[in-house]
Amino acid sequence: QKAGQLFSGLLAMNVVFLGSAFISSMIFNHVAITLADVWILLSILKVLCVCWIICYLLGTSRQPHAVLYRDSHAGPIWVRGSVLLFGSFSILLNVFQIGYSTILIQCKSRVEIVFPSIEIVFICTQALFLWHHSKDCIQVHHNFTRCGLMLTIATNLLLWLLAVTNDTIHMEIESQLRNDTTSCICPNTTICKVFQKGYILLYPFNTEYCLVCCSVLYVMWKNVGRRISHHHAPHIKPKFKLQGVVFGPLLGTATVIIGICVFMVYQIQATGSAPNRQVFVMYYSYYIVLLPLMSVGAVIGTIIHALEKRELDTLKNPTRSLDAILLMGAALGQIAMSYFSIVAIVATDPRDLLNSLILSYSVLLIFQNITQNVFIIDGLHRQPFVAATEARHRGHARQHTAASELPGEEETTTSCKQEHTQISPGKEEEMKEEQNHEGYDQRRVSMLELGQEIRKVSLSYIQSYSHLSWKRRALREISFFLVLCNIILWVMPTFGAHPVFENGLEKSFYGYSTWFAIVNFGLPLSVFYRMHSVGGLLEVYVTA
């Protein structure tokens with residue numbers, strides 16, 4: 001097993017180094033190595049990966065005793081759902097790129113149409129493979145499977161590296177916006193603008209897709225040949241239930257609503273020809289208010305973890321180990337961008353209002369990432385609470401709610417029957433009055449039943465909330481609040497709010513190409529960090 005892991009790892013390392021050499025040569029020497037050469041290399045790698053995935057789907061996974069074990073921790077639904085979501089947006093991105101290159105076919109090469117077409121096939125095949133087989137602990141063709149997985153990981157890493165460093169289309173779009181006559185002239189301006197806007201909006205999803213696929217494939221690589229014993233399997237898998245939380249959802253919902261309003265105003269103002277300075281002040285002010293609240297919540301949660309008597313979960317779990325590594329690694333993207341911003345601001349004019357807001361935002365963001373990572377990783381390594389006491393409390397709650405039910409339904413129905421027998425059918429007016437009276441009584445009964453159900457649910461929720469210890473209540477409130485905060489902090493940069501590139505400060509300080517590479521390195525990692533934090537915080541919430 002160690003030899004197979006070593007050989008497959010060396011294979012991936014050599015492929016990554018070869019691709020990195022091609023991409024670096026393209027950046028520093030446009031004449032010797034062009035973008036088309038890099039695309040041809042990546043297309044060959046993608047064709048090889050697609051062939052291996054087809055062999056796995058039709059051959060390896062169908063062998064007798066091929067999949068005897070499945071890792072319950074690997075490939076949770078939110079990870080596989082994100083693969084499908086980001087894969088769909090990546091396919092749409094490539095469709096826009098094909099359409100854009102087709103319109104400008106007079107000054108574009110054929111490779112710029114063939115490359116995204118192969119990419120669509122690769123994304124579809126890989127998404128199908130990960131959706132159905134991300135939990136597999138394959139027991140046959142070990143070395144072949146390890147090499148195939150590592151080759152696919154290396155290909156995704158190279159695609160991510162190319163997306164981070166390749167700014168040709170962005171430069172072309174900017175030159176067209178400046179009405180530069182040296183660029184390609186688009187015959188249909190409206191369609192070109194649609195493709196340009198769609199490409200810029202969907203660009204971060206492609207890098208996000210590559211990172212998510214790398215993480216899932218790495219867990220599959222670790223699980224090749226793994227045999228899961230009975231003591232590794234969890235006896236009772238906790239499920240997500242919205243119980244024991246009141247203030248977290250309220251504060252989180254308010255945060256999301258305010259964030260959506262800020263995001264909409266920012267998108268309207270910042271996408272114009274001359275972005276308003278006030279919109280950047282509003283955007284950074286929202287972050288400056290929110291980030292300290294998130295940091296305080298994470299610090300309090302970490303202190304509660306230290307006060308708990310829950311034992312640490314020391315069982316071998318590749319998924320949990322990868323989660324911790326990904327949280328720390330993905331946070332480096334946002335932290336690196338923050339430090340670059342701090343240096344640029346301190347070296348120019350830190351006393352300006354907008355510059356001081358950006359400086360505060362960068363410092364608070366670093367502190368928030370660190371505190372949240374400590375809280376999540378500490379929570380992931382804790383044993384879940386025993387559910388026996390909860391079952392006992394729920395039994396008491398049911399007895400309490402059953403004893404407090406309103407005895408209104410039977411009395412109302414008997415009174416309806418008595419009234420129905422007392423009234424004798426005589427005239428049509430009396431029949432109509434009787435029918436109206438019965439309809440009124442039925443509506444009254446249904447309203448009483450609805451009131452009883454609402455009261456039962458409310459009493460059950462209050463009972464479950466009151467029977468939780470204050471530590472568990474605090475952990476659930478903090479986790480749920482941080483989940484909603486990370487969701488809105490994921491939505492805003494994912495769907496086009498990029499003030500780090502649009503405010504112009506860092507871009508003018510470092511230069512367009514340098515800052516573009518820094519942002520394309522840090523922004524996808526920061527978006528991936530927010531999404532991965534949501535999964536970790538939900539795990540902390542469920543086990544609390």
# chains A, B, ... in the order shown; residues from 1 in each chain; ligands from 1

call {"tool": "residues_around", "arguments": {"residues": "region 371-379 of chain A", "least_positions_apart": "5", "cutoff": "10 Å", "atoms": "only C-alpha atoms", "output": "NGL selection string"}}
result
:A and (294-306 or 312 or 320-321 or 323-325 or 327-328 or 331 or 366 or 384 or 475 or 479 or 482 or 529 or 533-541 or 543-544)

call {"tool": "write_last_selection", "arguments": {"atoms": "N, CA, C and O atoms", "output": "compact mmCIF listing (two decimals), in the first residue's frame"}}
result
# COMPACT_ATOMS: atom_id res chain seq x y z
N MET A 294 -18.57 37.71 14.55
CA MET A 294 -18.20 36.33 14.25
C MET A 294 -16.98 35.90 15.06
O MET A 294 -16.92 34.75 15.56
N SER A 295 -16.02 36.78 15.22
CA SER A 295 -14.82 36.44 15.99
C SER A 295 -15.14 36.20 17.45
O SER A 295 -14.66 35.23 18.06
N VAL A 296 -15.98 37.06 18.02
CA VAL A 296 -16.36 36.90 19.43
C VAL A 296 -17.12 35.59 19.62
O VAL A 296 -16.89 34.84 20.59
N GLY A 297 -18.04 35.28 18.70
CA GLY A 297 -18.77 34.02 18.79
C GLY A 297 -17.84 32.81 18.73
O GLY A 297 -18.00 31.85 19.49
N ALA A 298 -16.85 32.85 17.83
CA ALA A 298 -15.92 31.73 17.71
C ALA A 298 -15.06 31.59 18.95
O ALA A 298 -14.78 30.46 19.41
N VAL A 299 -14.63 32.71 19.55
CA VAL A 299 -13.82 32.66 20.76
C VAL A 299 -14.64 32.07 21.92
O VAL A 299 -14.15 31.21 22.68
N ILE A 300 -15.89 32.52 22.06
CA ILE A 300 -16.74 31.98 23.12
C ILE A 300 -16.98 30.48 22.91
O ILE A 300 -16.94 29.69 23.87
N GLY A 301 -17.21 30.07 21.67
CA GLY A 301 -17.39 28.65 21.40
C GLY A 301 -16.15 27.83 21.73
O GLY A 301 -16.26 26.72 22.26
N THR A 302 -14.97 28.36 21.44
CA THR A 302 -13.73 27.65 21.77
C THR A 302 -13.57 27.52 23.28
O THR A 302 -13.13 26.46 23.78
N ILE A 303 -13.93 28.57 24.02
CA ILE A 303 -13.85 28.50 25.49
C ILE A 303 -14.82 27.45 26.03
O ILE A 303 -14.49 26.68 26.95
N ILE A 304 -16.01 27.38 25.45
CA ILE A 304 -16.99 26.37 25.90
C ILE A 304 -16.47 24.97 25.60
O ILE A 304 -16.65 24.04 26.41
N HIS A 305 -15.83 24.78 24.45
CA HIS A 305 -15.23 23.48 24.15
C HIS A 305 -14.20 23.10 25.21
O HIS A 305 -14.11 21.93 25.60
N ALA A 306 -13.44 24.08 25.68
CA ALA A 306 -12.43 23.79 26.70
C ALA A 306 -13.07 23.43 28.04
O ALA A 306 -12.50 22.66 28.81
N LEU A 312 -12.18 13.44 23.30
CA LEU A 312 -11.76 13.66 21.93
C LEU A 312 -11.95 12.38 21.12
O LEU A 312 -11.75 11.27 21.62
N ARG A 320 -12.03 13.79 8.16
CA ARG A 320 -11.86 14.84 9.17
C ARG A 320 -10.48 15.46 9.11
O ARG A 320 -10.32 16.68 9.25
N SER A 321 -9.46 14.62 8.89
CA SER A 321 -8.10 15.17 8.76
C SER A 321 -8.00 16.10 7.56
O SER A 321 -7.38 17.17 7.64
N ASP A 323 -10.50 17.77 6.24
CA ASP A 323 -11.27 18.98 6.56
C ASP A 323 -10.42 20.01 7.29
O ASP A 323 -10.46 21.21 6.99
N ALA A 324 -9.66 19.53 8.27
CA ALA A 324 -8.81 20.45 9.03
C ALA A 324 -7.72 21.05 8.14
O ALA A 324 -7.45 22.26 8.20
N ILE A 325 -7.13 20.23 7.28
CA ILE A 325 -6.08 20.73 6.38
C ILE A 325 -6.66 21.74 5.39
O ILE A 325 -6.06 22.80 5.13
N LEU A 327 -9.36 23.62 5.74
CA LEU A 327 -9.72 24.86 6.43
C LEU A 327 -8.50 25.75 6.62
O LEU A 327 -8.55 26.96 6.35
N MET A 328 -7.40 25.15 7.08
CA MET A 328 -6.19 25.95 7.29
C MET A 328 -5.60 26.41 5.96
O MET A 328 -5.16 27.56 5.84
N ALA A 331 -7.87 29.14 4.20
CA ALA A 331 -7.81 30.44 4.88
C ALA A 331 -6.58 31.23 4.47
O ALA A 331 -6.57 32.47 4.57
N ILE A 366 -8.33 38.66 9.06
CA ILE A 366 -7.29 37.71 9.49
C ILE A 366 -7.65 37.11 10.84
O ILE A 366 -7.59 35.88 11.04
N PRO A 384 -19.62 13.16 19.80
CA PRO A 384 -20.99 13.68 19.89
C PRO A 384 -21.63 13.32 21.22
O PRO A 384 -21.27 12.33 21.86
N LEU A 475 -23.36 26.52 22.15
CA LEU A 475 -22.66 25.99 20.98
C LEU A 475 -23.56 25.96 19.76
O LEU A 475 -23.14 26.28 18.63
N SER A 479 -22.93 28.16 16.46
CA SER A 479 -22.71 27.44 15.20
C SER A 479 -23.71 27.87 14.14
O SER A 479 -23.34 28.11 12.98
N LEU A 482 -22.95 31.39 12.89
CA LEU A 482 -21.78 31.41 12.01
C LEU A 482 -22.07 30.75 10.66
O LEU A 482 -21.50 31.15 9.64
N TYR A 529 -13.15 28.55 1.24
CA TYR A 529 -13.08 28.53 2.70
C TYR A 529 -14.45 28.76 3.33
O TYR A 529 -14.83 28.08 4.28
N SER A 533 -16.35 26.05 5.46
CA SER A 533 -16.67 26.38 6.85
C SER A 533 -18.12 26.08 7.17
O SER A 533 -18.44 25.67 8.29
N VAL A 534 -19.01 26.29 6.20
CA VAL A 534 -20.43 25.98 6.43
C VAL A 534 -20.59 24.49 6.75
O VAL A 534 -21.31 24.11 7.68
N GLY A 535 -19.92 23.63 5.98
CA GLY A 535 -19.99 22.21 6.25
C GLY A 535 -19.43 21.84 7.62
O GLY A 535 -20.01 21.05 8.36
N GLY A 536 -18.28 22.43 7.98
CA GLY A 536 -17.70 22.16 9.30
C GLY A 536 -18.57 22.66 10.43
O GLY A 536 -18.72 21.98 11.47
N LEU A 537 -19.15 23.84 10.28
CA LEU A 537 -20.01 24.39 11.33
C LEU A 537 -21.29 23.58 11.48
O LEU A 537 -21.79 23.43 12.60
N LEU A 538 -21.83 23.09 10.39
CA LEU A 538 -23.01 22.22 10.49
C LEU A 538 -22.67 20.93 11.23
O LEU A 538 -23.49 20.42 12.01
N GLU A 539 -21.47 20.41 11.02
CA GLU A 539 -21.04 19.22 11.75
C GLU A 539 -20.91 19.52 13.24
O GLU A 539 -21.30 18.71 14.09
N VAL A 540 -20.37 20.69 13.58
CA VAL A 540 -20.26 21.08 14.99
C VAL A 540 -21.65 21.25 15.60
O VAL A 540 -21.90 20.84 16.74
N TYR A 541 -22.58 21.84 14.82
CA TYR A 541 -23.95 22.03 15.31
C TYR A 541 -24.64 20.69 15.58
O TYR A 541 -25.30 20.51 16.60
N THR A 543 -23.33 17.71 16.22
CA THR A 543 -22.74 16.94 17.32
C THR A 543 -22.81 17.66 18.66
O THR A 543 -22.47 17.06 19.68
N ALA A 544 -23.25 18.92 18.70
CA ALA A 544 -23.31 19.67 19.96
C ALA A 544 -24.51 19.25 20.79
O ALA A 544 -25.53 18.82 20.26

call {"tool": "residues_around", "arguments": {"residues": "Phe22 (chain A)", "least_positions_apart": "4", "cutoff": "9 Å", "atoms": "only C-alpha atoms", "output": "list in words"}}
result
Phe17, Leu18, Met26, Ile27, Ile33, Thr34, Asp37, Val38 and Leu41 of chain A

call {"tool": "select_by_dssp", "arguments": {"residues": "region 14-73 of chain A", "states": "alpha helix (DSSP H)", "output": "PyMOL selection string"}}
result
chain A and resi 14-28+35-58

call {"tool": "atom_distance", "arguments": {"atom1": "CA of Cys192 (chain A)", "atom2": "CA of Ile105 (chain A)"}}
result
12.5 Å

call {"tool": "residues_around", "arguments": {"residues": "region 350-362 of chain A", "least_positions_apart": "6", "cutoff": "7 Å", "atoms": "only C-alpha atoms", "output": "PyMOL selection string"}}
result
chain A and resi 281+284+287-288+338+342

call {"tool": "residues_around", "arguments": {"residues": "Gly248 (chain A)", "least_positions_apart": "6", "cutoff": "6 Å", "atoms": "only C-alpha atoms", "output": "PyMOL selection string"}}
result
chain A and resi 477+480-481

call {"tool": "closest_residue", "arguments": {"among": "A:Leu128, A:Ala270, A:Leu365, A:Val121", "to": "Ala497 (chain A)", "atoms": "only C-alpha atoms"}}
result
A:Ala270

call {"tool": "closest_residue", "arguments": {"among": "A:Leu364, A:Cys137, A:Ile488, A:Ala517", "to": "Thr60 (chain A)", "atoms": "only C-alpha atoms"}}
result
A:Cys137

call {"tool": "atom_distance", "arguments": {"atom1": "CA of Cys49 (chain A)", "atom2": "CA of Gly19 (chain A)"}}
result
15.0 Å

call {"tool": "residues_around", "arguments": {"residues": "Leu85 (chain A)", "least_positions_apart": "4", "cutoff": "9 Å", "atoms": "only C-alpha atoms", "output": "MDAnalysis selection string"}}
result
chainID A and resid 80:81 89:90 205 209

call {"tool": "write_last_selection", "arguments": {"atoms": "C-alpha atoms", "output": "PDB file, in the first residue's frame"}}
result
ATOM      1  CA  ARG A  80     -21.346  16.313  -3.741  1.00  0.00           C
ATOM      2  CA  GLY A  81     -24.011  18.997  -4.209  1.00  0.00           C
ATOM      3  CA  PHE A  89     -21.605  26.829 -13.600  1.00  0.00           C
ATOM      4  CA  SER A  90     -18.255  25.718 -15.060  1.00  0.00           C
ATOM      5  CA  PHE A 205     -16.871  28.945 -10.071  1.00  0.00           C
ATOM      6  CA  TYR A 209     -14.923  23.390  -8.865  1.00  0.00           C
TER       7      TYR A 209
END

call {"tool": "atom_distance", "arguments": {"atom1": "CA of Cys210 (chain A)", "atom2": "CA of Ser526 (chain A)"}}
result
13.9 Å

call {"tool": "closest_residue", "arguments": {"among": "A:Ala330, A:Val224, A:Ile258, A:Ser508", "to": "Ile345 (chain A)", "atoms": "only C-alpha atoms"}}
result
A:Ser508

call {"tool": "residues_around", "arguments": {"residues": "Glu112 (chain A)", "least_positions_apart": "4", "cutoff": "8 Å", "atoms": "only C-alpha atoms", "output": "PyMOL selection string"}}
result
chain A and resi 36+98+101+108+116

call {"tool": "closest_residue", "arguments": {"among": "A:Val114, A:Val140, A:Val279, A:Ala3", "to": "Phe263 (chain A)", "atoms": "only C-alpha atoms"}}
result
A:Val279

call {"tool": "closest_residue", "arguments": {"among": "A:Thr145, A:Thr102, A:Ser25, A:Thr348", "to": "Ile54 (chain A)", "atoms": "only C-alpha atoms"}}
result
A:Thr145
